[in-house]
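Trainee: Coordinates in target_21.txt, compact mmCIF, C-alpha atoms, are listed below.
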```
# COMPACT_ATOMS: atom_id res chain seq x y z
CA MET A 1 37.43 15.43 17.26
CA GLU A 2 38.38 13.04 20.02
CA PHE A 3 36.86 13.01 23.48
CA ASP A 4 38.12 11.57 26.74
CA ASN A 5 36.98 8.20 27.93
CA ASP A 6 34.57 9.60 30.51
CA THR A 7 32.78 11.58 27.85
CA TYR A 8 32.35 8.50 25.68
CA ILE A 9 30.89 6.61 28.62
CA LEU A 10 28.57 9.54 29.26
CA ILE A 11 27.44 9.55 25.62
CA GLU A 12 26.83 5.82 25.76
CA ASP A 13 24.80 6.10 28.95
CA TYR A 14 22.84 8.95 27.43
CA ILE A 15 21.85 7.14 24.25
CA THR A 16 21.02 3.93 26.10
CA ALA A 17 18.91 5.95 28.54
CA LYS A 18 20.93 4.92 31.57
CA LEU A 19 21.36 8.42 33.01
CA SER A 20 19.31 9.61 35.95
CA GLU A 21 16.81 12.39 35.33
CA THR A 22 19.14 15.00 36.84
CA ASP A 23 22.20 13.77 34.95
CA ARG A 24 20.28 13.63 31.72
CA LYS A 25 19.08 17.20 32.06
CA ALA A 26 22.58 18.39 32.91
CA PHE A 27 23.95 16.56 29.89
CA GLU A 28 21.32 18.04 27.57
CA LEU A 29 22.16 21.50 28.87
CA ARG A 30 25.78 20.85 28.03
CA LEU A 31 24.76 19.74 24.54
CA GLN A 32 23.12 23.08 23.88
CA SER A 33 26.35 24.96 24.38
CA ASP A 34 28.88 22.40 23.16
CA GLU A 35 28.52 22.02 19.43
CA GLN A 36 31.25 19.40 19.03
CA LEU A 37 29.72 17.21 21.67
CA LYS A 38 26.26 17.65 20.15
CA LYS A 39 27.57 16.48 16.79
CA GLU A 40 29.18 13.43 18.39
CA VAL A 41 25.95 12.53 20.18
CA ASP A 42 24.03 13.00 16.92
CA ILE A 43 26.33 10.52 15.24
CA HIS A 44 25.91 7.96 18.01
CA LEU A 45 22.15 8.31 17.98
CA THR A 46 21.92 7.97 14.22
CA LEU A 47 24.23 5.00 14.44
CA LYS A 48 21.96 3.30 16.93
CA HIS A 49 18.93 3.73 14.66
CA ALA A 50 20.89 2.75 11.56
CA VAL A 51 22.16 -0.47 13.14
CA THR A 52 18.89 -1.53 14.78
CA GLU A 53 16.73 -0.30 11.88
CA GLN A 54 14.30 1.00 14.46
CA GLY A 55 13.38 4.51 15.45
CA TRP A 56 14.80 7.59 13.86
CA HIS A 57 17.12 10.44 14.67
CA SER A 58 17.09 13.73 12.81
CA SER A 59 20.78 14.47 12.62
CA ILE A 60 20.66 17.16 9.95
CA ASP A 61 21.40 20.64 11.21
CA TYR A 62 18.81 22.90 9.66
CA GLN A 63 20.95 26.03 9.71
CA LYS A 64 24.10 24.42 8.34
CA ASN A 65 22.29 22.73 5.48
CA HIS A 66 20.00 25.61 4.80
CA GLN A 67 21.04 25.96 1.18
CA GLU A 68 20.35 22.36 0.20
CA ILE A 69 17.06 22.34 2.09
CA LYS A 70 16.02 25.50 0.29
CA GLU A 71 16.84 23.98 -3.10
CA LEU A 72 14.97 20.76 -2.37
CA SER A 73 11.86 22.47 -1.10
CA ALA A 74 11.96 24.85 -4.06
CA TYR A 75 11.95 21.82 -6.34
CA ARG A 76 9.05 20.38 -4.41
CA ARG A 77 7.11 23.55 -5.13
CA SER A 78 8.11 23.67 -8.81
CA ASP A 79 5.64 23.19 -11.66
CA GLU A 80 7.50 20.15 -12.89
CA PHE A 81 7.20 18.42 -9.55
CA THR A 82 3.62 19.53 -8.94
CA ALA A 83 2.62 17.97 -12.27
CA ILE A 84 4.15 14.64 -11.21
CA GLN A 85 2.50 14.92 -7.83
CA ASN A 86 -0.93 15.55 -9.35
CA LYS A 87 -0.57 12.58 -11.62
CA LEU A 88 0.37 10.40 -8.70
CA GLN A 89 -2.55 11.74 -6.70
CA LYS A 90 -4.88 10.89 -9.55
CA VAL A 91 -3.68 7.30 -9.86
CA SER A 92 -3.75 6.93 -6.10
CA SER A 93 -7.38 8.07 -5.86
CA GLN A 94 -8.36 5.74 -8.66
CA TYR A 95 -6.59 2.85 -7.01
CA PHE A 96 -8.05 3.45 -3.57
CA ASP A 97 -11.52 4.37 -4.80
CA ASN A 98 -11.78 0.95 -6.33
CA THR A 99 -11.09 -0.46 -2.93
CA THR A 100 -14.07 1.33 -1.37
CA PRO A 101 -17.66 1.13 -2.58
CA SER A 102 -17.94 4.37 -4.52
CA ARG A 103 -21.69 4.35 -4.71
CA HIS A 104 -21.91 4.97 -1.01
CA LYS A 105 -19.65 7.98 -0.79
CA LYS A 106 -22.46 10.34 0.08
CA ARG A 107 -23.03 9.74 3.70
CA ASN A 108 -23.35 12.30 6.38
CA TYR A 109 -20.22 13.59 8.01
CA TYR A 110 -21.47 12.97 11.48
CA LEU A 111 -21.54 9.27 10.75
CA ILE A 112 -18.02 9.25 9.33
CA SER A 113 -16.43 11.17 12.16
CA ALA A 114 -18.32 9.43 14.92
CA VAL A 115 -17.47 5.99 13.62
CA ALA A 116 -13.87 7.03 13.01
CA ILE A 117 -13.52 8.09 16.62
CA LEU A 118 -15.12 4.89 17.82
CA LEU A 119 -12.84 2.81 15.64
CA ILE A 120 -9.78 4.58 16.98
CA LEU A 121 -10.92 3.96 20.53
CA VAL A 122 -11.64 0.33 19.79
CA SER A 123 -8.44 -0.24 17.85
CA ILE A 124 -6.29 0.92 20.77
CA GLN A 125 -7.24 -2.24 22.62
CA PHE A 126 -5.71 -4.59 20.12
CA LEU A 127 -2.20 -5.62 19.23
CA PRO A 128 -1.00 -4.83 15.70
CA THR A 129 -0.57 -8.08 13.81
CA SER A 130 -3.53 -10.03 15.19
CA SER A 131 -6.50 -10.82 13.02
CA ASN A 132 -8.39 -8.56 15.35
CA SER A 133 -6.29 -5.62 14.27
CA LEU A 134 -6.86 -6.55 10.64
CA TYR A 135 -10.54 -6.59 11.49
CA ASN A 136 -10.20 -3.09 12.87
CA ASP A 137 -8.39 -1.86 9.83
CA TYR A 138 -10.60 -3.51 7.29
CA ASN A 139 -14.11 -3.63 8.66
CA ASP A 140 -15.89 -0.86 6.84
CA TRP A 141 -19.01 -0.46 8.90
CA LYS A 142 -18.32 3.25 8.62
CA ASN A 143 -19.12 2.95 4.94
CA LEU A 144 -22.63 1.74 5.59
CA PRO A 145 -25.03 4.26 4.10
CA SER A 146 -26.89 6.41 6.56
CA LEU A 147 -30.48 5.49 7.21
CA THR A 148 -31.40 8.95 8.46
CA THR A 149 -32.56 10.28 5.11
CA GLN A 150 -35.45 7.88 4.95
CA SER A 151 -39.09 8.90 5.25
CA ASP A 152 -40.91 9.52 8.50
CA THR A 153 -42.23 6.00 8.66
CA GLU A 154 -38.69 4.82 9.01
CA LYS A 155 -37.67 7.15 11.79
CA LEU A 156 -37.14 4.12 13.90
CA LEU A 157 -34.37 3.01 11.60
CA SER A 158 -32.49 6.25 12.02
CA GLN A 159 -32.88 5.80 15.75
CA GLY A 160 -31.33 2.37 15.33
CA GLU A 161 -28.48 3.88 13.41
CA GLN A 162 -27.84 6.34 16.22
CA TYR A 163 -27.74 3.54 18.73
CA PHE A 164 -25.33 1.70 16.47
CA LEU A 165 -23.06 4.73 16.28
CA ASN A 166 -23.15 5.07 20.04
CA GLN A 167 -22.17 1.40 20.28
CA GLU A 168 -25.43 0.70 22.10
CA TYR A 169 -25.86 -2.51 20.18
CA GLU A 170 -28.32 -4.02 22.64
CA LEU A 171 -30.65 -1.14 21.70
CA ALA A 172 -29.88 -1.11 17.98
CA ILE A 173 -30.31 -4.85 17.41
CA PRO A 174 -34.03 -5.09 18.37
CA ILE A 175 -34.93 -2.19 16.07
CA PHE A 176 -33.18 -3.68 13.05
CA SER A 177 -34.22 -7.25 13.69
CA GLU A 178 -37.88 -6.35 14.20
CA TYR A 179 -37.82 -4.41 10.96
CA ILE A 180 -36.41 -7.42 9.13
CA GLN A 181 -38.87 -9.79 10.79
CA LYS A 182 -41.79 -7.65 9.62
CA GLN A 183 -40.43 -7.68 6.09
CA GLN A 184 -40.07 -11.44 6.25
CA GLN A 185 -43.61 -11.90 7.51
CA SER A 186 -45.07 -9.85 4.69
CA ASN A 187 -42.82 -11.57 2.16
CA GLN A 188 -41.15 -8.34 1.16
CA SER A 189 -37.63 -8.31 -0.10
CA LEU A 190 -35.28 -7.56 2.78
CA HIS A 191 -33.65 -4.17 3.10
CA PRO A 192 -29.95 -4.92 2.36
CA TYR A 193 -28.60 -1.98 4.38
CA VAL A 194 -30.70 -2.78 7.41
CA LEU A 195 -29.45 -6.34 7.18
CA SER A 196 -25.91 -4.98 7.01
CA TYR A 197 -26.42 -2.81 10.08
CA LEU A 198 -27.96 -5.70 11.96
CA GLY A 199 -25.11 -8.03 11.06
CA ALA A 200 -22.56 -5.36 11.96
CA ALA A 201 -24.22 -4.80 15.33
CA TYR A 202 -24.16 -8.55 16.03
CA THR A 203 -20.51 -8.73 14.99
CA GLU A 204 -19.46 -5.77 17.12
CA SER A 205 -21.28 -7.16 20.14
CA GLY A 206 -19.65 -10.56 19.68
CA ASN A 207 -22.77 -12.49 18.69
CA TYR A 208 -21.10 -14.23 15.78
CA THR A 209 -23.65 -16.96 15.10
CA LYS A 210 -26.40 -14.42 14.61
CA ALA A 211 -24.08 -12.16 12.62
CA LEU A 212 -23.31 -14.98 10.18
CA ALA A 213 -26.98 -15.90 9.85
CA THR A 214 -27.89 -12.27 9.15
CA PHE A 215 -25.26 -11.77 6.51
CA LYS A 216 -26.32 -14.99 4.88
CA LEU A 217 -29.71 -13.39 4.23
CA LEU A 218 -27.96 -10.77 2.10
CA GLN A 219 -27.04 -13.45 -0.38
CA ASN A 220 -30.51 -14.93 -0.44
CA GLU A 221 -31.94 -11.54 -1.33
CA ASN A 222 -30.27 -11.57 -4.70
CA ALA A 223 -29.46 -7.95 -4.12
CA ILE A 224 -27.01 -6.22 -6.43
CA ASP A 225 -24.73 -6.31 -3.44
CA ALA A 226 -25.03 -10.03 -2.84
CA SER A 227 -21.25 -10.25 -2.86
CA ARG A 228 -21.24 -8.08 0.25
CA LYS A 229 -22.24 -11.18 2.12
CA TYR A 230 -18.76 -12.65 1.58
CA TRP A 231 -16.95 -9.54 2.70
CA TYR A 232 -19.02 -9.16 5.85
CA THR A 233 -18.77 -12.83 6.65
CA ALA A 234 -15.01 -12.58 6.30
CA MET A 235 -15.08 -9.71 8.80
CA VAL A 236 -16.96 -11.87 11.30
CA TYR A 237 -14.40 -14.67 10.98
CA LEU A 238 -11.56 -12.18 11.23
CA LYS A 239 -12.96 -10.75 14.44
CA GLN A 240 -13.30 -14.27 15.80
CA GLY A 241 -9.67 -14.90 14.90
CA ASP A 242 -10.49 -17.60 12.34
CA LYS A 243 -8.13 -16.55 9.55
CA GLU A 244 -8.68 -19.67 7.44
CA LYS A 245 -12.41 -19.23 7.19
CA ALA A 246 -11.97 -15.52 6.52
CA LYS A 247 -9.66 -16.40 3.64
CA GLN A 248 -12.22 -18.74 2.10
CA GLU A 249 -14.76 -15.93 1.95
CA LEU A 250 -12.24 -13.51 0.49
CA GLN A 251 -11.23 -16.05 -2.14
CA PHE A 252 -14.70 -15.80 -3.53
CA LEU A 253 -14.57 -12.01 -3.74
CA ILE A 254 -11.41 -11.90 -5.78
CA LYS A 255 -12.94 -14.02 -8.51
CA ASP A 256 -14.63 -11.01 -10.05
CA GLN A 257 -13.56 -7.39 -10.14
CA GLU A 258 -17.21 -6.38 -9.90
CA HIS A 259 -17.49 -7.91 -6.47
CA PHE A 260 -17.83 -5.74 -3.42
CA ASN A 261 -14.44 -4.59 -2.07
CA TYR A 262 -12.58 -6.58 -4.71
CA GLN A 263 -9.32 -4.66 -4.25
CA LYS A 264 -9.48 -4.65 -0.48
CA ALA A 265 -10.14 -8.38 -0.49
CA LYS A 266 -6.99 -8.93 -2.54
CA GLU A 267 -5.00 -6.79 -0.17
CA LEU A 268 -6.34 -8.50 2.92
CA LEU A 269 -5.70 -11.96 1.47
CA GLU A 270 -2.06 -11.06 1.00
CA LEU A 271 -1.83 -9.82 4.55
CA LEU A 272 -3.40 -13.01 5.84
CA ASP A 273 -0.99 -15.26 3.96
CA MET B 1 19.73 12.69 -14.80
CA GLN B 2 17.65 10.11 -16.61
CA SER B 3 17.07 6.77 -14.98
CA GLU B 4 16.94 3.46 -16.78
CA ASP B 5 14.54 1.92 -14.32
CA PRO B 6 11.10 1.50 -15.93
CA PHE B 7 9.23 2.45 -12.75
CA ILE B 8 11.26 5.62 -12.28
CA LYS B 9 10.72 6.50 -15.91
CA ALA B 10 6.99 6.01 -15.53
CA LEU B 11 6.91 8.24 -12.45
CA LEU B 12 8.80 11.00 -14.21
CA GLN B 13 6.71 10.77 -17.35
CA GLY B 14 3.41 10.37 -15.53
CA ASP B 15 2.62 7.04 -17.16
CA GLU B 16 -0.62 6.20 -15.38
CA ILE B 17 -0.73 2.54 -16.32
CA VAL B 18 2.71 1.79 -14.96
CA ILE B 19 2.13 3.94 -11.88
CA GLU B 20 -0.99 1.92 -11.19
CA GLU B 21 1.15 -1.18 -11.56
CA ILE B 22 3.42 0.25 -8.85
CA TYR B 23 0.43 0.50 -6.53
CA ASN B 24 -0.74 -2.98 -7.44
CA ARG B 25 2.60 -4.60 -6.86
CA PHE B 26 4.11 -2.77 -3.95
CA PHE B 27 1.49 -1.02 -1.85
CA THR B 28 0.67 -4.10 0.22
CA LYS B 29 4.24 -4.32 1.43
CA THR B 30 4.23 -0.79 2.77
CA LEU B 31 0.77 -1.38 4.19
CA ARG B 32 1.92 -4.48 6.00
CA PHE B 33 4.87 -2.67 7.56
CA VAL B 34 2.80 0.32 8.67
CA LEU B 35 0.01 -1.86 10.09
CA GLN B 36 2.52 -3.95 12.01
CA ASN B 37 4.03 -0.78 13.43
CA LYS B 38 1.08 1.00 15.01
CA GLY B 39 -0.19 2.61 11.81
CA THR B 40 -3.45 2.61 9.88
CA HIS B 41 -4.46 2.01 6.29
CA ASP B 42 -4.78 5.76 5.69
CA GLU B 43 -1.34 6.44 7.07
CA ALA B 44 0.12 3.72 4.86
CA LYS B 45 -1.53 5.39 1.89
CA ASP B 46 0.13 8.73 2.67
CA ILE B 47 3.50 7.17 3.39
CA PHE B 48 3.45 5.23 0.14
CA GLN B 49 2.74 8.32 -1.91
CA GLU B 50 5.29 10.46 -0.09
CA ALA B 51 7.90 7.74 -0.50
CA LEU B 52 7.32 7.73 -4.26
CA LEU B 53 7.72 11.51 -4.29
CA ALA B 54 10.89 11.27 -2.24
CA ILE B 55 12.33 8.84 -4.78
CA ILE B 56 11.53 11.27 -7.60
CA VAL B 57 13.31 14.09 -5.79
CA ALA B 58 16.29 11.91 -4.99
CA VAL B 59 16.63 10.85 -8.61
CA GLN B 60 16.14 14.33 -10.04
CA LYS B 61 18.05 16.40 -7.54
CA ARG B 62 20.39 14.08 -5.66
CA ASN B 63 21.74 11.94 -8.49
CA LEU B 64 20.39 8.83 -6.91
CA ASN B 65 21.07 5.59 -8.72
CA ILE B 66 18.70 2.77 -7.98
CA ASN B 67 19.53 -0.90 -8.36
CA SER B 68 16.22 -2.31 -7.26
CA PHE B 69 13.18 -0.07 -7.32
CA GLU B 70 11.23 -2.37 -5.06
CA ALA B 71 13.94 -2.61 -2.41
CA TYR B 72 14.53 1.11 -2.47
CA LEU B 73 10.84 1.94 -2.25
CA MET B 74 10.55 -0.32 0.77
CA THR B 75 13.55 1.27 2.45
CA VAL B 76 12.19 4.75 1.90
CA SER B 77 8.67 3.89 3.11
CA LYS B 78 10.04 2.18 6.18
CA ASN B 79 12.34 5.09 6.98
CA MET B 80 9.56 7.55 6.45
CA TRP B 81 7.24 5.67 8.77
CA ARG B 82 9.96 5.24 11.41
CA ARG B 83 10.53 8.98 11.29
CA GLU B 84 6.81 9.65 11.48
CA LEU B 85 6.50 7.46 14.57
CA GLU B 86 9.35 9.31 16.22
CA LYS B 87 7.64 12.62 15.47
CA LYS B 88 4.42 11.33 17.00
CA LYS B 89 6.30 10.27 20.10
CA LYS B 90 7.80 13.74 20.46
CA ARG B 91 4.42 15.35 20.05
CA VAL B 92 3.05 13.18 22.84
CA ILE B 93 5.77 14.05 25.32
CA LYS B 94 5.72 17.68 24.10
CA ASP B 95 9.43 17.60 23.52
CA GLY B 96 10.82 21.06 22.82
CA SER B 97 13.03 19.65 20.07
CA ALA B 98 9.98 19.01 17.89
CA THR B 99 10.21 22.42 16.30
CA LEU B 100 7.62 23.72 13.93
CA ILE B 101 8.70 23.39 10.35
CA ASP B 102 6.68 23.62 7.18
CA ASN B 103 5.92 20.55 5.09
CA ASP B 104 8.16 21.33 2.13
CA ASN B 105 11.16 21.93 4.35
CA ASP B 106 10.39 18.87 6.41
CA PHE B 107 10.26 16.80 3.25
CA ALA B 108 13.64 18.23 2.22
CA LEU B 109 15.02 17.41 5.65
CA PHE B 110 13.80 13.86 5.28
CA ILE B 111 15.64 13.48 1.98
CA LEU B 112 18.89 14.55 3.62
CA GLU B 113 18.33 12.46 6.74
CA GLN B 114 17.51 9.47 4.63
CA GLU B 115 20.80 9.91 2.74
CA GLN B 116 22.67 9.94 6.02
CA MET B 117 20.85 6.84 7.21
CA GLN B 118 21.80 5.10 3.97
CA LEU B 119 25.41 6.15 4.41
CA TYR B 120 25.50 4.80 7.97
CA ARG B 121 23.97 1.49 6.84
CA GLU B 122 26.41 1.20 3.99
CA MET B 123 29.42 1.74 6.23
CA PHE B 124 28.04 -0.64 8.84
CA HIS B 125 28.02 -3.36 6.20
CA LYS B 126 31.70 -2.74 5.52
CA LEU B 127 32.61 -3.91 9.02
CA SER B 128 33.75 -7.43 9.82
CA ASP B 129 31.03 -9.94 10.68
CA ASN B 130 32.20 -9.99 14.26
CA CYS B 131 31.95 -6.21 14.58
CA LYS B 132 28.51 -6.21 13.01
CA GLU B 133 27.33 -8.86 15.41
CA VAL B 134 28.64 -7.27 18.57
CA LEU B 135 27.38 -3.80 17.57
CA SER B 136 23.93 -5.17 16.75
CA LEU B 137 23.70 -6.68 20.21
CA PHE B 138 25.04 -3.55 21.83
CA PHE B 139 22.70 -1.13 20.08
CA ASN B 140 19.75 -3.39 20.74
CA ASN B 141 20.45 -2.79 24.44
CA VAL B 142 21.67 -6.31 25.16
CA SER B 143 23.63 -6.17 28.45
CA TYR B 144 27.40 -6.57 28.53
CA GLU B 145 26.94 -9.73 30.59
CA SER B 146 24.81 -11.30 27.87
CA ILE B 147 27.19 -10.16 25.13
CA VAL B 148 30.09 -11.84 26.99
CA ARG B 149 28.10 -15.05 27.22
CA GLU B 150 26.75 -14.92 23.68
CA LEU B 151 30.04 -14.22 21.92
CA GLY B 152 32.40 -15.94 24.34
CA TYR B 153 34.48 -12.97 25.43
CA ALA B 154 36.83 -13.37 28.40
CA ASN B 155 35.08 -10.75 30.47
CA ILE B 156 33.02 -7.56 30.37
CA ASN B 157 36.08 -5.44 29.89
CA THR B 158 37.13 -7.28 26.72
CA ALA B 159 33.62 -6.92 25.33
CA ARG B 160 33.56 -3.24 26.18
CA GLN B 161 36.88 -2.69 24.41
CA ARG B 162 35.73 -4.64 21.39
CA ILE B 163 32.56 -2.59 21.10
CA PHE B 164 34.51 0.62 21.50
CA LYS B 165 36.90 -0.39 18.71
CA CYS B 166 34.17 -1.44 16.31
CA LYS B 167 32.18 1.69 16.99
CA SER B 168 35.22 3.93 16.49
CA LYS B 169 36.05 2.21 13.26
CA LEU B 170 32.51 2.64 11.99
CA ILE B 171 32.38 6.30 12.96
CA LYS B 172 35.71 6.86 11.27
CA LEU B 173 34.42 5.30 8.06
CA ILE B 174 31.31 7.46 8.17
CA LYS B 175 33.14 10.69 8.93
CA SER B 176 35.65 10.18 6.14
CA ASP B 177 32.96 9.74 3.49
CA ILE B 178 32.29 12.82 1.38
CA ARG B 179 28.55 12.41 1.87
CA PHE B 180 28.88 12.83 5.61
CA LYS B 181 27.16 15.93 6.97
```
With the file now loaded, output its structure as structure tokens.
Mentor:
Amino acid sequence: MEFDNDTYILIEDYITAKLSETDRKAFELRLQSDEQLKKEVDIHLTLKHAVTEQGWHSSIDYQKNHQEIKELSAYRRSDEFTAIQNKLQKVSSQYFDNTTPSRHKKRNYYLISAVAILLILVSIQFLPTSSNSLYNDYNDWKNLPSLTTQSDTEKLLSQGEQYFLNQEYELAIPIFSEYIQKQQQSNQSLHPYVLSYLGAAYTESGNYTKALATFKLLQNENAIDASRKYWYTAMVYLKQGDKEKAKQELQFLIKDQEHFNYQKAKELLELLD
Amino acid sequence: MQSEDPFIKALLQGDEIVIEEIYNRFFTKTLRFVLQNKGTHDEAKDIFQEALLAIIVAVQKRNLNINSFEAYLMTVSKNMWRRELEKKKKRVIKDGSATLIDNDNDFALFILEQEQMQLYREMFHKLSDNCKEVLSLFFNNVSYESIVRELGYANINTARQRIFKCKSKLIKLIKSDIRFK
């Protein structure tokens, strides 16, 4: 179907958003009742997204293609397809579980959701491709095990954790650092999770020197998780925007599959390259 | 229809080792695209899996023939994420056109939309280099003035006519293809 020149100009102005609010509304009203015109506009919109490879336009008429849609969704629900889907799901969980420390899955839901919300709020402030956004995507402070299940004598620690969750780092830091200092004075081995919280709090509050020094203690402790030190240190450098130094730390992690966040480190290295 | 591609075969047969290889080799690419376009790691995870499922459906039910698994997987993930972003946008502005539709049907719709997008791209590549260039500028909202300067047209009117011709030709190609809906 051919349209007159004015209509083509109108379509062009519509898809390039050059129409005034009133004109646009009038045009959209016309589209509702003029099927031919609607189809033409659909084509132009799809064309725009196809050529620019940006955005998307859903040009398929649900009613007209009802039969094909029905067949495809029936296949999606079929046993054959469900079996494939389950298999894929299985491999996917295996793959992604290796990228997160599985031993620490059991943490309380409050912690997960609270930190998730905080991370979303924080991540809004950053632009996508910066190392800061990679920091936001990859820092896994939310995976730190909760300290709330500890005995009464360590109530203070759970208080510290709450402060950390509330982003009140200036309150959380003294609690964690005093705890570590006491352990140091009595020559006890240092609590690796408390060290992690302390380092995370320093990192989040921008005190990078202290964050690095704290994470370094993780390594000295000879803990099973000594390799965590490299991951966390990489996070500090990433937040600072020092991609090169972050890469050096990650390079160490990918030397051994047993290392903390081995898979994630590989992934992140590729993104940093 | 049986595919010769080893990755497709593995997906259809549920070969876990090769499927894991798919994750190992290609996930980062999808991840990178999603992260660079306002997405998160979790969203990339979902998109990657749905894209693999979409490929299975296309091969099984739409007679899709794939030359390069990697390239096709990337195209599908990108398209899926572009579509997802558009849906998010509509949800934000509470656009009435974002109708409620169940997941299975929406997935089916995506398959059909994706086919159309492919068709449009294919026909676009059949155009002359000059047409491709001028249409790229035009659809990327470059002003007529800049197009005149960039491509050395006599004046705005010539550029306008050229764009109109190229666009008409492209639409004609698309409409005359049997896959056009």
Trainee: I'd like the interatomic distance between atom CA of A:Leu238 and atom CA of A:Leu253, to a tenth of an Å.
Mentor: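 Rounded to one decimal, the two atoms are 15.3 Å apart.
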Trainee: Pull out every residue of chain A sitting within 8 Å of chain B, counting all atoms listed in the file, and send them as a short mmCIF file (atom, residue, chain, number, x, y, z; two decimals) with C-alpha atoms, in the coordinates of the input.
Mentor:
```cif
data_model
loop_
_atom_site.label_atom_id
_atom_site.label_comp_id
_atom_site.auth_asym_id
_atom_site.auth_seq_id
_atom_site.Cartn_x
_atom_site.Cartn_y
_atom_site.Cartn_z
CA THR A 16 21.02 3.93 26.10
CA ILE A 43 26.33 10.52 15.24
CA THR A 46 21.92 7.97 14.22
CA LEU A 47 24.23 5.00 14.44
CA LYS A 48 21.96 3.30 16.93
CA ALA A 50 20.89 2.75 11.56
CA VAL A 51 22.16 -0.47 13.14
CA THR A 52 18.89 -1.53 14.78
CA GLN A 54 14.30 1.00 14.46
CA GLY A 55 13.38 4.51 15.45
CA TRP A 56 14.80 7.59 13.86
CA HIS A 57 17.12 10.44 14.67
CA SER A 58 17.09 13.73 12.81
CA SER A 59 20.78 14.47 12.62
CA ILE A 60 20.66 17.16 9.95
CA TYR A 62 18.81 22.90 9.66
CA ILE A 69 17.06 22.34 2.09
CA LYS A 70 16.02 25.50 0.29
CA LEU A 72 14.97 20.76 -2.37
CA SER A 73 11.86 22.47 -1.10
CA TYR A 75 11.95 21.82 -6.34
CA ARG A 76 9.05 20.38 -4.41
CA ARG A 77 7.11 23.55 -5.13
CA ILE A 84 4.15 14.64 -11.21
CA GLN A 85 2.50 14.92 -7.83
CA LYS A 87 -0.57 12.58 -11.62
CA LEU A 88 0.37 10.40 -8.70
CA GLN A 89 -2.55 11.74 -6.70
CA VAL A 91 -3.68 7.30 -9.86
CA SER A 92 -3.75 6.93 -6.10
CA TYR A 95 -6.59 2.85 -7.01
CA PRO A 128 -1.00 -4.83 15.70
CA THR A 129 -0.57 -8.08 13.81
CA ASP A 137 -8.39 -1.86 9.83
CA GLU A 267 -5.00 -6.79 -0.17
CA GLU A 270 -2.06 -11.06 1.00
CA LEU A 271 -1.83 -9.82 4.55
#
```
Trainee: Would you compute the distance between atom CA of A:Ile175 and atom CA of A:Tyr230? Give it in Å to one decimal.
Mentor: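 Between atom CA of A:Ile175 and atom CA of A:Tyr230 the gap is 24.1 Å.
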Trainee: By how many Å are atom CA of B:Ser128 and atom CA of B:Gly152 apart?
Mentor: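 Atom-to-atom, atom CA of B:Ser128 and atom CA of B:Gly152 are spaced 16.9 Å apart.
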Trainee: Report as a list in words all protein, DNA and RNA residues lying within 6 Å of A:Glu249, evaluated on all atoms listed in the file, omitting residues in the same chain fewer than 2 positions from it.
Mentor: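 The filter keeps Tyr230, Ala234, Ala246, Lys247, Gln251 and Phe252 of chain A.
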Trainee: First collect every listed atom of stretch 30-48 of chain A; then fit an axis-aligned box around them, widen it by 5 Å on each side, and give centre and edge lengths in Å to one decimal, as JSON.
Mentor:
```
{"center_x": 26.6, "center_y": 14.1, "center_z": 21.1, "size_x": 19.3, "size_y": 31.7, "size_z": 23.8}
```
